[in-house]
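Q: So here's start_25.txt, just compact mmCIF, C-alpha atoms and all ligand atoms:
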# COMPACT_ATOMS: atom_id res chain seq x y z
CA MET A 212 9.23 -14.42 25.49
CA ILE A 213 10.65 -12.60 22.46
CA ASP A 214 12.03 -9.07 22.58
CA LEU A 215 10.39 -7.73 19.44
CA ALA A 216 7.62 -9.02 17.19
CA ILE A 217 7.35 -7.43 13.74
CA ILE A 218 4.05 -8.21 12.05
CA GLY A 219 4.15 -7.96 8.26
CA GLY A 220 7.12 -8.52 5.99
CA GLY A 221 6.83 -5.73 3.41
CA PRO A 222 9.39 -2.91 3.03
CA ALA A 223 8.46 -1.45 6.47
CA GLY A 224 8.70 -4.79 8.28
CA LEU A 225 11.95 -5.87 6.62
CA SER A 226 13.56 -2.51 7.19
CA ALA A 227 12.47 -2.66 10.85
CA GLY A 228 13.91 -6.19 11.03
CA LEU A 229 17.25 -5.06 9.65
CA TYR A 230 17.59 -2.10 12.03
CA ALA A 231 16.38 -4.06 15.06
CA THR A 232 18.72 -7.04 14.58
CA ARG A 233 21.72 -4.94 13.52
CA GLY A 234 20.92 -2.61 16.41
CA GLY A 235 21.50 -5.42 18.88
CA ILE A 236 18.02 -6.73 19.76
CA LYS A 237 18.56 -10.44 20.30
CA ASN A 238 15.24 -12.11 19.73
CA VAL A 239 13.38 -10.55 16.83
CA VAL A 240 10.66 -12.48 14.99
CA LEU A 241 9.00 -11.37 11.75
CA PHE A 242 5.49 -12.77 11.44
CA GLU A 243 4.67 -12.76 7.73
CA LYS A 244 1.89 -14.90 6.37
CA GLY A 245 3.57 -15.43 3.00
CA MET A 246 6.99 -14.87 1.53
CA PRO A 247 8.38 -11.52 2.71
CA GLY A 248 8.26 -8.65 0.22
CA GLY A 249 4.85 -7.03 0.56
CA GLN A 250 2.61 -5.36 -2.00
CA ILE A 251 5.39 -4.25 -4.30
CA THR A 252 6.08 -7.87 -5.27
CA GLY A 253 2.85 -7.62 -7.31
CA SER A 254 4.36 -4.92 -9.49
CA SER A 255 6.19 -5.69 -12.72
CA GLU A 256 8.42 -2.61 -12.40
CA ILE A 257 9.81 -0.27 -9.79
CA GLU A 258 12.08 2.60 -10.78
CA ASN A 259 11.68 5.21 -8.04
CA TYR A 260 13.70 3.71 -5.21
CA PRO A 261 16.71 6.01 -4.69
CA GLY A 262 20.04 4.48 -5.64
CA VAL A 263 18.58 1.67 -7.73
CA LYS A 264 19.18 2.72 -11.32
CA GLU A 265 17.79 -0.32 -13.13
CA VAL A 266 14.06 -0.84 -13.56
CA VAL A 267 13.40 -4.20 -11.91
CA SER A 268 10.33 -6.22 -10.99
CA GLY A 269 9.00 -5.81 -7.44
CA LEU A 270 9.82 -9.45 -6.74
CA ASP A 271 13.49 -9.12 -7.79
CA PHE A 272 13.74 -5.81 -5.98
CA MET A 273 12.61 -7.23 -2.62
CA GLN A 274 14.60 -10.49 -2.71
CA PRO A 275 17.85 -9.07 -1.23
CA TRP A 276 15.94 -7.31 1.57
CA GLN A 277 15.04 -10.53 3.32
CA GLU A 278 18.46 -12.12 2.72
CA GLN A 279 20.09 -9.08 4.30
CA CYS A 280 17.82 -9.26 7.40
CA PHE A 281 18.18 -12.99 7.89
CA ARG A 282 21.99 -12.57 7.83
CA PHE A 283 21.70 -10.42 10.97
CA GLY A 284 19.53 -12.96 12.77
CA LEU A 285 15.93 -12.00 11.97
CA LYS A 286 13.68 -15.05 12.31
CA HIS A 287 10.74 -15.54 9.99
CA GLU A 288 7.55 -17.22 11.22
CA MET A 289 5.51 -17.92 8.12
CA THR A 290 2.14 -17.65 9.75
CA GLU A 291 -0.82 -15.28 9.81
CA VAL A 292 -1.37 -13.24 12.95
CA SER A 293 -5.02 -13.15 14.00
CA GLN A 294 -4.81 -10.77 16.96
CA VAL A 295 -2.41 -8.75 19.09
CA THR A 296 -3.35 -8.15 22.72
CA LYS A 297 -1.58 -6.56 25.67
CA GLU A 298 -1.66 -7.93 29.20
CA GLY A 299 0.34 -6.03 31.78
CA LYS A 300 3.61 -4.90 30.23
CA ASN A 301 3.79 -7.58 27.56
CA PHE A 302 2.02 -8.34 24.30
CA LYS A 303 0.52 -11.58 23.06
CA ILE A 304 0.73 -12.46 19.38
CA HIS A 305 -2.07 -14.88 18.48
CA THR A 306 -1.53 -16.77 15.25
CA ASN A 307 -3.89 -18.76 13.04
CA ASP A 308 -2.13 -22.02 13.93
CA GLY A 309 -3.44 -21.59 17.49
CA LYS A 310 -0.09 -20.56 18.98
CA VAL A 311 0.39 -17.55 21.29
CA THR A 312 3.82 -15.86 21.43
CA GLU A 313 4.65 -13.34 24.13
CA ALA A 314 6.62 -10.24 23.11
CA LYS A 315 8.07 -7.28 25.01
CA SER A 316 7.45 -4.91 22.09
CA VAL A 317 5.63 -4.98 18.75
CA ILE A 318 5.93 -3.17 15.42
CA ILE A 319 2.84 -3.44 13.21
CA THR A 320 3.66 -3.25 9.50
CA THR A 321 0.72 -5.10 7.95
CA GLY A 322 0.24 -2.49 5.22
CA GLY A 323 -2.91 -2.25 3.21
CA ARG A 324 -4.38 -2.93 -0.19
CA PRO A 325 -6.07 -0.82 -2.81
CA LYS A 326 -9.66 -2.01 -3.35
CA ARG A 327 -10.25 -3.96 -6.53
CA THR A 328 -13.25 -3.53 -8.80
CA GLY A 329 -13.57 -7.07 -10.16
CA ILE A 330 -13.68 -5.69 -13.72
CA LYS A 331 -12.80 -8.27 -16.39
CA GLY A 332 -9.05 -8.07 -17.05
CA GLU A 333 -8.23 -6.20 -13.81
CA SER A 334 -6.50 -9.15 -12.11
CA GLU A 335 -4.83 -10.35 -15.31
CA PHE A 336 -3.19 -6.97 -15.94
CA TRP A 337 -2.68 -5.91 -12.28
CA GLY A 338 0.78 -4.32 -12.19
CA LYS A 339 1.01 -4.66 -16.00
CA GLY A 340 -0.94 -1.60 -17.02
CA VAL A 341 -3.49 -1.63 -14.22
CA SER A 342 -2.13 0.63 -11.50
CA THR A 343 -3.32 2.16 -8.26
CA CYS A 344 -0.50 4.69 -7.87
CA ALA A 345 0.22 7.62 -10.18
CA THR A 346 3.40 8.56 -8.28
CA CYS A 347 4.72 5.01 -8.79
CA ASP A 348 3.73 4.38 -12.39
CA GLY A 349 2.81 7.68 -14.04
CA PHE A 350 6.24 8.15 -15.52
CA PHE A 351 5.93 4.88 -17.49
CA TYR A 352 3.21 6.64 -19.51
CA LYS A 353 5.12 9.80 -20.36
CA ASN A 354 3.52 11.48 -23.43
CA LYS A 355 0.91 8.72 -23.66
CA GLU A 356 -2.84 8.64 -23.06
CA VAL A 357 -4.12 6.92 -19.92
CA ALA A 358 -7.44 6.27 -18.19
CA VAL A 359 -8.34 6.97 -14.57
CA LEU A 360 -11.30 5.31 -12.87
CA GLY A 361 -12.96 6.84 -9.80
CA GLY A 362 -14.82 9.86 -8.52
CA GLY A 363 -13.28 10.70 -5.14
CA ASP A 364 -10.50 13.05 -4.08
CA THR A 365 -7.75 10.53 -4.79
CA ALA A 366 -8.98 9.82 -8.32
CA LEU A 367 -9.16 13.49 -9.25
CA GLU A 368 -5.88 14.44 -7.57
CA GLU A 369 -4.07 11.55 -9.24
CA ALA A 370 -5.64 12.46 -12.60
CA ILE A 371 -4.31 16.01 -12.23
CA PHE A 372 -0.88 14.61 -11.25
CA LEU A 373 -0.86 12.37 -14.35
CA THR A 374 -1.43 15.37 -16.65
CA LYS A 375 2.10 16.52 -15.72
CA MET A 376 3.61 13.66 -17.74
CA CYS A 377 0.83 12.15 -19.85
CA LYS A 378 -0.53 13.48 -23.13
CA LYS A 379 -4.14 12.99 -22.09
CA VAL A 380 -6.10 11.57 -19.15
CA TYR A 381 -9.58 10.06 -19.58
CA LEU A 382 -11.43 10.35 -16.27
CA ILE A 383 -14.09 7.67 -16.07
CA HIS A 384 -16.78 7.83 -13.40
CA ARG A 385 -20.15 6.11 -13.15
CA ARG A 386 -21.96 9.28 -12.08
CA ASN A 387 -22.00 12.83 -13.43
CA GLU A 388 -21.35 14.14 -9.89
CA PHE A 389 -18.05 13.66 -8.06
CA ARG A 390 -17.46 12.98 -4.36
CA ALA A 391 -14.19 14.96 -4.38
CA ALA A 392 -13.80 18.39 -2.76
CA PRO A 393 -15.29 21.21 -4.90
CA ILE A 394 -11.89 22.89 -5.33
CA THR A 395 -10.35 19.62 -6.61
CA ILE A 396 -13.24 19.15 -9.05
CA GLU A 397 -12.72 22.72 -10.26
CA HIS A 398 -8.98 22.11 -10.79
CA ALA A 399 -9.64 18.91 -12.70
CA LYS A 400 -12.35 20.50 -14.86
CA SER A 401 -10.13 23.42 -15.77
CA ASN A 402 -7.30 21.10 -16.81
CA GLU A 403 -7.49 20.80 -20.58
CA LYS A 404 -5.61 17.49 -20.61
CA ILE A 405 -8.41 15.76 -18.69
CA GLU A 406 -11.42 14.49 -20.63
CA PHE A 407 -14.39 13.61 -18.41
CA LEU A 408 -16.22 10.47 -19.46
CA THR A 409 -19.37 10.30 -17.35
CA PRO A 410 -21.62 8.54 -16.56
CA ASN A 411 -19.49 5.60 -17.70
CA VAL A 412 -18.44 2.26 -16.28
CA VAL A 413 -15.48 0.14 -17.36
CA GLU A 414 -16.70 -3.10 -18.90
CA GLU A 415 -13.34 -4.71 -19.66
CA ILE A 416 -9.61 -4.11 -19.59
CA LYS A 417 -7.99 -5.67 -22.64
CA GLY A 418 -4.39 -6.45 -23.42
CA ASP A 419 -1.77 -9.02 -24.34
CA GLN A 420 1.58 -10.27 -23.08
CA ASN A 421 2.91 -6.68 -23.17
CA GLY A 422 0.20 -5.43 -20.82
CA VAL A 423 -2.91 -3.30 -21.21
CA SER A 424 -3.82 -2.14 -24.72
CA SER A 425 -7.35 -0.77 -24.31
CA VAL A 426 -10.25 -0.15 -21.95
CA VAL A 427 -13.86 -0.79 -22.93
CA ILE A 428 -16.34 1.63 -21.37
CA LYS A 429 -20.14 1.84 -21.39
CA ASN A 430 -22.22 4.97 -20.99
CA THR A 431 -24.90 4.08 -18.44
CA GLN A 432 -27.38 6.63 -19.86
CA ASN A 433 -27.42 5.62 -23.52
CA ASN A 434 -25.59 2.23 -23.31
CA GLU A 435 -23.04 3.41 -25.88
CA ILE A 436 -19.87 1.29 -25.89
CA LYS A 437 -16.46 2.86 -26.58
CA GLU A 438 -12.96 1.38 -26.67
CA LEU A 439 -10.19 3.67 -25.45
CA LYS A 440 -6.80 2.70 -26.85
CA VAL A 441 -4.71 3.29 -23.72
CA PRO A 442 -1.70 1.35 -22.36
CA GLY A 443 -2.65 2.05 -18.75
CA ILE A 444 -5.57 2.49 -16.40
CA PHE A 445 -5.29 3.88 -12.87
CA ILE A 446 -7.99 2.62 -10.52
CA PHE A 447 -8.93 4.60 -7.39
CA VAL A 448 -11.97 3.06 -5.77
CA GLY A 449 -10.80 2.99 -2.15
CA TYR A 450 -8.13 1.55 0.11
CA ASP A 451 -8.29 -0.99 2.96
CA VAL A 452 -5.73 -0.92 5.77
CA ASN A 453 -4.87 -4.33 7.18
CA ASN A 454 -5.71 -3.48 10.80
CA ALA A 455 -7.91 -6.47 11.74
CA ILE A 456 -5.25 -7.87 14.11
CA LEU A 457 -5.68 -4.83 16.36
CA LYS A 458 -9.35 -5.57 17.04
CA GLN A 459 -9.89 -6.72 20.62
CA ASP A 460 -12.54 -9.14 21.89
CA ASN A 461 -14.60 -6.20 23.20
CA GLY A 462 -14.70 -4.65 19.71
CA ASN A 463 -12.25 -1.81 20.49
CA MET A 464 -8.94 -1.39 18.70
CA LEU A 465 -5.74 -2.05 20.67
CA CYS A 466 -4.48 1.46 19.86
CA GLU A 467 -5.93 4.65 18.44
CA CYS A 468 -6.83 4.65 14.75
CA ASP A 469 -8.32 7.39 12.56
CA GLN A 470 -11.69 7.23 10.77
CA TYR A 471 -10.14 5.22 7.91
CA GLY A 472 -8.64 2.65 10.27
CA SER A 473 -5.05 3.88 9.85
CA VAL A 474 -2.98 3.64 13.02
CA ILE A 475 -2.25 6.99 14.66
CA VAL A 476 1.48 7.39 15.33
CA ASP A 477 3.79 10.27 16.16
CA LEU A 478 6.95 11.08 14.21
CA SER A 479 8.75 8.26 16.08
CA MET A 480 6.14 5.73 14.87
CA LYS A 481 4.91 5.35 18.46
CA THR A 482 1.24 4.55 19.00
CA ASN A 483 -0.61 5.59 22.15
CA ILE A 484 0.20 2.16 23.65
CA GLU A 485 3.64 1.81 25.28
CA GLY A 486 5.85 -0.63 23.40
CA LEU A 487 3.58 -0.70 20.33
CA PHE A 488 4.78 0.94 17.10
CA ALA A 489 3.32 1.08 13.59
CA ALA A 490 5.12 1.78 10.32
CA GLY A 491 4.49 1.91 6.58
CA ASP A 492 1.15 1.99 4.77
CA ILE A 493 -0.78 1.07 7.95
CA ARG A 494 -0.02 4.38 9.63
CA ILE A 495 -1.84 7.70 9.25
CA LYS A 496 -0.91 9.93 6.35
CA ALA A 497 1.33 7.26 4.80
CA PRO A 498 2.62 8.40 1.39
CA LYS A 499 2.28 4.75 0.26
CA GLN A 500 5.74 4.48 -1.24
CA VAL A 501 8.40 1.84 -0.66
CA VAL A 502 11.06 4.37 0.32
CA CYS A 503 8.74 5.95 2.91
CA ALA A 504 7.69 2.57 4.34
CA ALA A 505 11.35 1.57 4.64
CA GLY A 506 12.17 4.83 6.44
CA ASP A 507 9.26 4.32 8.83
CA GLY A 508 10.41 0.77 9.58
CA ALA A 509 13.90 1.98 10.48
CA THR A 510 12.49 4.74 12.69
CA ALA A 511 10.17 2.31 14.48
CA ALA A 512 13.02 -0.15 15.11
CA LEU A 513 15.27 2.56 16.56
CA GLU A 514 12.43 3.56 18.89
CA ALA A 515 11.84 -0.07 19.86
CA ILE A 516 15.54 -0.38 20.76
CA SER A 517 15.27 2.66 23.06
CA TYR A 518 12.05 1.33 24.55
CA LEU A 519 13.58 -2.06 25.33
CA ASP A 520 16.74 -0.43 26.76
CA SER A 521 14.69 1.72 29.11
CA HIS A 522 12.48 -1.18 30.25
CA LYS A 523 15.16 -3.74 31.13
P1 LIG A 601 3.02 -3.95 2.55
O1 LIG A 601 3.94 -3.90 1.41
O2 LIG A 601 1.55 -3.96 2.30
O3 LIG A 601 3.41 -5.26 3.40
C1 LIG A 601 2.58 -5.73 4.42
C2 LIG A 601 2.88 -7.20 4.64
O4 LIG A 601 2.15 -7.64 5.79
C3 LIG A 601 2.43 -8.11 3.48
O5 LIG A 601 3.53 -8.86 3.04
C4 LIG A 601 1.34 -8.98 4.09
O6 LIG A 601 1.38 -10.31 3.59
C5 LIG A 601 1.68 -8.96 5.57
N1 LIG A 601 0.52 -9.15 6.44
C6 LIG A 601 -0.65 -8.46 6.41
N2 LIG A 601 -1.47 -8.91 7.39
C7 LIG A 601 -0.80 -9.90 8.03
C8 LIG A 601 -1.13 -10.75 9.14
N3 LIG A 601 -2.32 -10.68 9.76
N4 LIG A 601 -0.23 -11.66 9.55
C9 LIG A 601 0.99 -11.76 8.91
N5 LIG A 601 1.34 -10.99 7.86
C10 LIG A 601 0.47 -10.07 7.44
N6 LIG A 601 5.68 2.10 -4.20
C11 LIG A 601 6.78 2.73 -4.70
O7 LIG A 601 7.52 3.39 -3.97
N7 LIG A 601 7.10 2.60 -6.04
C12 LIG A 601 6.36 1.85 -6.90
O8 LIG A 601 6.68 1.78 -8.10
C13 LIG A 601 5.22 1.18 -6.39
N8 LIG A 601 4.46 0.42 -7.20
C14 LIG A 601 3.42 -0.27 -6.68
C15 LIG A 601 2.71 -1.13 -7.51
C16 LIG A 601 1.67 -1.88 -7.01
C17 LIG A 601 0.93 -2.83 -7.94
C18 LIG A 601 1.27 -1.74 -5.64
C19 LIG A 601 0.12 -2.55 -5.08
C20 LIG A 601 1.97 -0.89 -4.80
C21 LIG A 601 3.05 -0.14 -5.31
N9 LIG A 601 3.79 0.73 -4.51
C22 LIG A 601 4.90 1.34 -5.01
C23 LIG A 601 3.41 0.96 -3.10
C24 LIG A 601 4.28 0.10 -2.15
O9 LIG A 601 4.23 -1.25 -2.57
C25 LIG A 601 3.78 0.24 -0.72
O10 LIG A 601 3.76 1.59 -0.33
C26 LIG A 601 4.69 -0.54 0.25
O11 LIG A 601 4.78 -1.89 -0.14
C27 LIG A 601 4.17 -0.45 1.68
O12 LIG A 601 4.99 -1.25 2.47
P2 LIG A 601 4.50 -1.83 3.88
O13 LIG A 601 5.64 -2.63 4.39
O14 LIG A 601 3.97 -0.74 4.71
O15 LIG A 601 3.26 -2.75 3.57
Transcribe the structure of this file into structure tokens.

A:
Amino acid sequence: MIDLAIIGGGPAGLSAGLYATRGGIKNVVLFEKGMPGGQITGSSEIENYPGVKEVVSGLDFMQPWQEQCFRFGLKHEMTEVSQVTKEGKNFKIHTNDGKVTEAKSVIITTGGRPKRTGIKGESEFWGKGVSTCATCDGFFYKNKEVAVLGGGDTALEEAIFLTKMCKKVYLIHRRNEFRAAPITIEHAKSNEKIEFLTPNVVEEIKGDQNGVSSVVIKNTQNNEIKELKVPGIFIFVGYDVNNAILKQDNGNMLCECDQYGSVIVDLSMKTNIEGLFAAGDIRIKAPKQVVCAAGDGATAALEAISYLDSHK
């Protein structure tokens, strides 16, 4: 029986691991299917983490996080969790290697992933000009032209956000109509820095060793091909939360989730199930930033410490 299982080793999980072990919980295991670090390790640059002045790659940025946690006794099980169940007071962590580990408390930090389009060049330049976060990467394109792909609320809101630092934003969408809220569409249409390119699809993202250099688009009405010389494209075609491990044999989720599958938590990162916490991009209304995920992880660990203390 372990005291605390943390599932997912991104910024939320590692931060939870640090606070839990340093906070005196003896037996804390981080279940992470790969090397710890999370989504940010796929980014070539991060420059918005407070206190870190240099622009570093996501991989370099996350390396000390795990070293710091392991120093305080966090154990890493490099295995994929398939399901979390609760029987009586305790939880069962089922892993893909067929093992079942019992835990007194659990913090879920399995994060999520922006949906990919499969467009030629998307994978090659992912994190090198292909971005899914204007808050994270917009500043890298200060006074430059960029493209945004998508037709929902996120795409339009992020396009508007990008106009604050970019010279011009090309908004590419396959239809002439947008799914976003009417007021958001109105704001975007009245923004003179946004050029609407509809109905268009992206055929290819081109670039070289320095990253993206252009985006090839095709008008689906007249088949006209155009090449936009932009160093960046922001893709907003949806987001999947990694919540599959919460699915129970009867089809229900272990705890309450919203319509998008994000775990519902209160400000202490508590779910509606005693002893079960969720932190980072998996939780409702997550700002999807490293600093926020790290803060959530610390909060969840402090709550787990209180929970374990009161259930001795
Ligand atoms: P994640 O980082 O998603 O970590 C979840 C972890 O759980 C992963 O390591 C995964 O392997 C593991 N996992 C999932 N399921 C299982 C399972 N079943 N069993 C075991 N392990 C599992 N944010 C910023 O603040 N600044 C930036 O500049 C920035 N740039 C970004 C660039 C890119 C390309 C991307 C994709 C994201 C960027 N972000 C940035 C967002 C940031 O990375 C996320 O908000 C943050 O990583 C969320 O942390 P998390 O710990 O909640 O989840």

Q: Around ligand LIG 601 (chain A), which protein and nucleic acid residues have at least one atom no more than 7 Å from it, if we count only C-alpha atoms and all ligand atoms? List them as a tab-separated table (two decimals) with C-alpha atoms, in the frame of the given file.

A:
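Produced file part-v3.tsv, reproduced below:
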chain	number	residue	atom	x	y	z
A	218	ILE	CA	4.05	-8.21	12.05
A	219	GLY	CA	4.15	-7.96	8.26
A	220	GLY	CA	7.12	-8.52	5.99
A	221	GLY	CA	6.83	-5.73	3.41
A	222	PRO	CA	9.39	-2.91	3.03
A	223	ALA	CA	8.46	-1.45	6.47
A	224	GLY	CA	8.70	-4.79	8.28
A	242	PHE	CA	5.49	-12.77	11.44
A	243	GLU	CA	4.67	-12.76	7.73
A	244	LYS	CA	1.89	-14.90	6.37
A	245	GLY	CA	3.57	-15.43	3.00
A	247	PRO	CA	8.38	-11.52	2.71
A	248	GLY	CA	8.26	-8.65	0.22
A	249	GLY	CA	4.85	-7.03	0.56
A	250	GLN	CA	2.61	-5.36	-2.00
A	251	ILE	CA	5.39	-4.25	-4.30
A	253	GLY	CA	2.85	-7.62	-7.31
A	254	SER	CA	4.36	-4.92	-9.49
A	256	GLU	CA	8.42	-2.61	-12.40
A	257	ILE	CA	9.81	-0.27	-9.79
A	258	GLU	CA	12.08	2.60	-10.78
A	259	ASN	CA	11.68	5.21	-8.04
A	260	TYR	CA	13.70	3.71	-5.21
A	290	THR	CA	2.14	-17.65	9.75
A	291	GLU	CA	-0.82	-15.28	9.81
A	292	VAL	CA	-1.37	-13.24	12.95
A	293	SER	CA	-5.02	-13.15	14.00
A	320	THR	CA	3.66	-3.25	9.50
A	321	THR	CA	0.72	-5.10	7.95
A	322	GLY	CA	0.24	-2.49	5.22
A	323	GLY	CA	-2.91	-2.25	3.21
A	324	ARG	CA	-4.38	-2.93	-0.19
A	325	PRO	CA	-6.07	-0.82	-2.81
A	337	TRP	CA	-2.68	-5.91	-12.28
A	338	GLY	CA	0.78	-4.32	-12.19
A	342	SER	CA	-2.13	0.63	-11.50
A	343	THR	CA	-3.32	2.16	-8.26
A	344	CYS	CA	-0.50	4.69	-7.87
A	347	CYS	CA	4.72	5.01	-8.79
A	348	ASP	CA	3.73	4.38	-12.39
A	453	ASN	CA	-4.87	-4.33	7.18
A	456	ILE	CA	-5.25	-7.87	14.11
A	490	ALA	CA	5.12	1.78	10.32
A	491	GLY	CA	4.49	1.91	6.58
A	492	ASP	CA	1.15	1.99	4.77
A	493	ILE	CA	-0.78	1.07	7.95
A	499	LYS	CA	2.28	4.75	0.26
A	500	GLN	CA	5.74	4.48	-1.24
A	501	VAL	CA	8.40	1.84	-0.66
A	502	VAL	CA	11.06	4.37	0.32
A	504	ALA	CA	7.69	2.57	4.34

Q: For range 365-367 of chain A, find every residue with an atom within 9 Å (counting only C-alpha atoms), except residues of its own chain fewer than 4 positions away, and show them as a list of chain:residue names.

A: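 Result of the neighbour search: A:Val359, A:Leu360, A:Gly361, A:Ile371, A:Phe372, A:Leu382, A:Phe389, A:Ala391, A:Thr395, A:Ile396, A:His398, A:Ala399, A:Phe445, A:Ile446, A:Phe447, A:Val448, A:Gly449.
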
Q: What is the distance between CA of Ile516 in chain A and CA of His305 in chain A, in Å to one decimal?

A: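 If I compute the distance from CA of Ile516 in chain A to CA of His305 in chain A, I get 22.9 Å.
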
Q: For Thr431 in chain A, which of A:Gln274, A:Thr252, A:Asn387, A:Gln459 is the closest residue, counting all atoms listed in the file?

A: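 Counting all atoms listed in the file, the residue closest to Thr431 in chain A is A:Asn387.
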
Q: Just how far from CA of Ile319 in chain A is CA of Lys458 in chain A, in Å to one decimal?

A: 13.0 Å

Q: Just how far from CA of Cys280 in chain A is CA of Pro261 in chain A, in Å to one decimal?

A: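 CA of Cys280 in chain A lies at a distance of 19.5 Å from CA of Pro261 in chain A.
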
Q: Find the residue from A:Ser226, A:Asn307, A:Asn430, A:Ser521 that sits nearest to Met273 in chain A; use all atoms listed in the file when measuring.

A: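 Checking each candidate against Met273 in chain A, we get A:Ser226 as the closest.
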
Q: Residues near range 402-419 of chain A, anyone? I mean within 7 Å using only C-alpha atoms, not counting same-chain ones fewer than 4 positions away, as a PyMOL selection string.

A: chain A and resi 330-333+374+378-387+398+423-432

Q: Using all atoms listed in the file, can you tell me which of A:Val239, A:Ala509, A:Lys400, A:Leu465 comes closest to Met480 in chain A?

A: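 That would be A:Ala509, the residue with the smallest distance to Met480 in chain A.
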
Q: Quick one: of A:Ile484, A:Gly349, A:Leu478, A:Glu388, who's nearest to Gly443 in chain A, counting all atoms listed in the file?

A: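 Smallest separation from Gly443 in chain A among the options: A:Gly349.
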
Q: Skip Gly472 in chain A itself and residues of its chain fewer than 4 positions away, then list as a PDB file with C-alpha atoms, keeping the file's coordinate frame all residues within 9 Å of it, counting all atoms listed in the file.

A:
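Result file follows (selection36.pdb):
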ATOM      1  CA  ASP A 451      -8.290  -0.990   2.960  1.00  0.00           C
ATOM      2  CA  VAL A 452      -5.730  -0.920   5.770  1.00  0.00           C
ATOM      3  CA  ASN A 453      -4.870  -4.330   7.180  1.00  0.00           C
ATOM      4  CA  ASN A 454      -5.710  -3.480  10.800  1.00  0.00           C
ATOM      5  CA  GLU A 467      -5.930   4.650  18.440  1.00  0.00           C
ATOM      6  CA  CYS A 468      -6.830   4.650  14.750  1.00  0.00           C
ATOM      7  CA  ILE A 493      -0.780   1.070   7.950  1.00  0.00           C
ATOM      8  CA  ARG A 494      -0.020   4.380   9.630  1.00  0.00           C
ATOM      9  CA  ILE A 495      -1.840   7.700   9.250  1.00  0.00           C
TER      10      ILE A 495
END

Q: Within 9 Å of Tyr518 in chain A, counting all atoms listed in the file, which residues show up once you throw out same-chain ones fewer than 5 positions away? Write them as number ranges by chain, please.

A: A: 316, 485-486, 513, 523

Q: Can you work out which one of A:Glu313, A:Ala358, A:Ile217, A:Gly329 has the shortest atom-to-atom distance to Leu439 in chain A, counting all atoms listed in the file?

A: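 Of A:Glu313, A:Ala358, A:Ile217, A:Gly329, the one nearest Leu439 in chain A, counting all atoms listed in the file, is A:Ala358.
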
Q: Step by step: start from the point (-2.2, 6.4, -25.1) in the file's coordinates, keep every protein, DNA or RNA residue that has an atom no farther than 6 Å from it, count only C-alpha atoms, and write the set as a PyMOL selection string.

A: chain A and resi 355-357+441-442

Q: Leaving out Gly234 in chain A and any residue of its chain fewer than 3 positions from it, which residues lie within 12 Å of it when counting only C-alpha atoms, given as a list in words?

A: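 Once the adjacent positions are removed, what remains is Ser226, Ala227, Gly228, Leu229, Tyr230, Ala231, Lys237, Asn238, Val239, Cys280, Phe283, Gly284, Leu285, Ala509, Thr510, Ala511, Ala512, Leu513, Glu514, Ala515, Ile516, Ser517, Leu519 and Asp520 of chain A.
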
Q: How would you write as a PyMOL selection string the residues that get within 6 Å of (-1.1, 11.1, -9.2) in the file's frame, counting only C-alpha atoms?

A: chain A and resi 345-346+369-370+372-373

Q: Which is closer to Pro393 in chain A than all the others in A:Met376, A:Ala455, A:Val341, A:Asp364, using all atoms listed in the file?

A: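 Checking each candidate against Pro393 in chain A, we get A:Asp364 as the closest.
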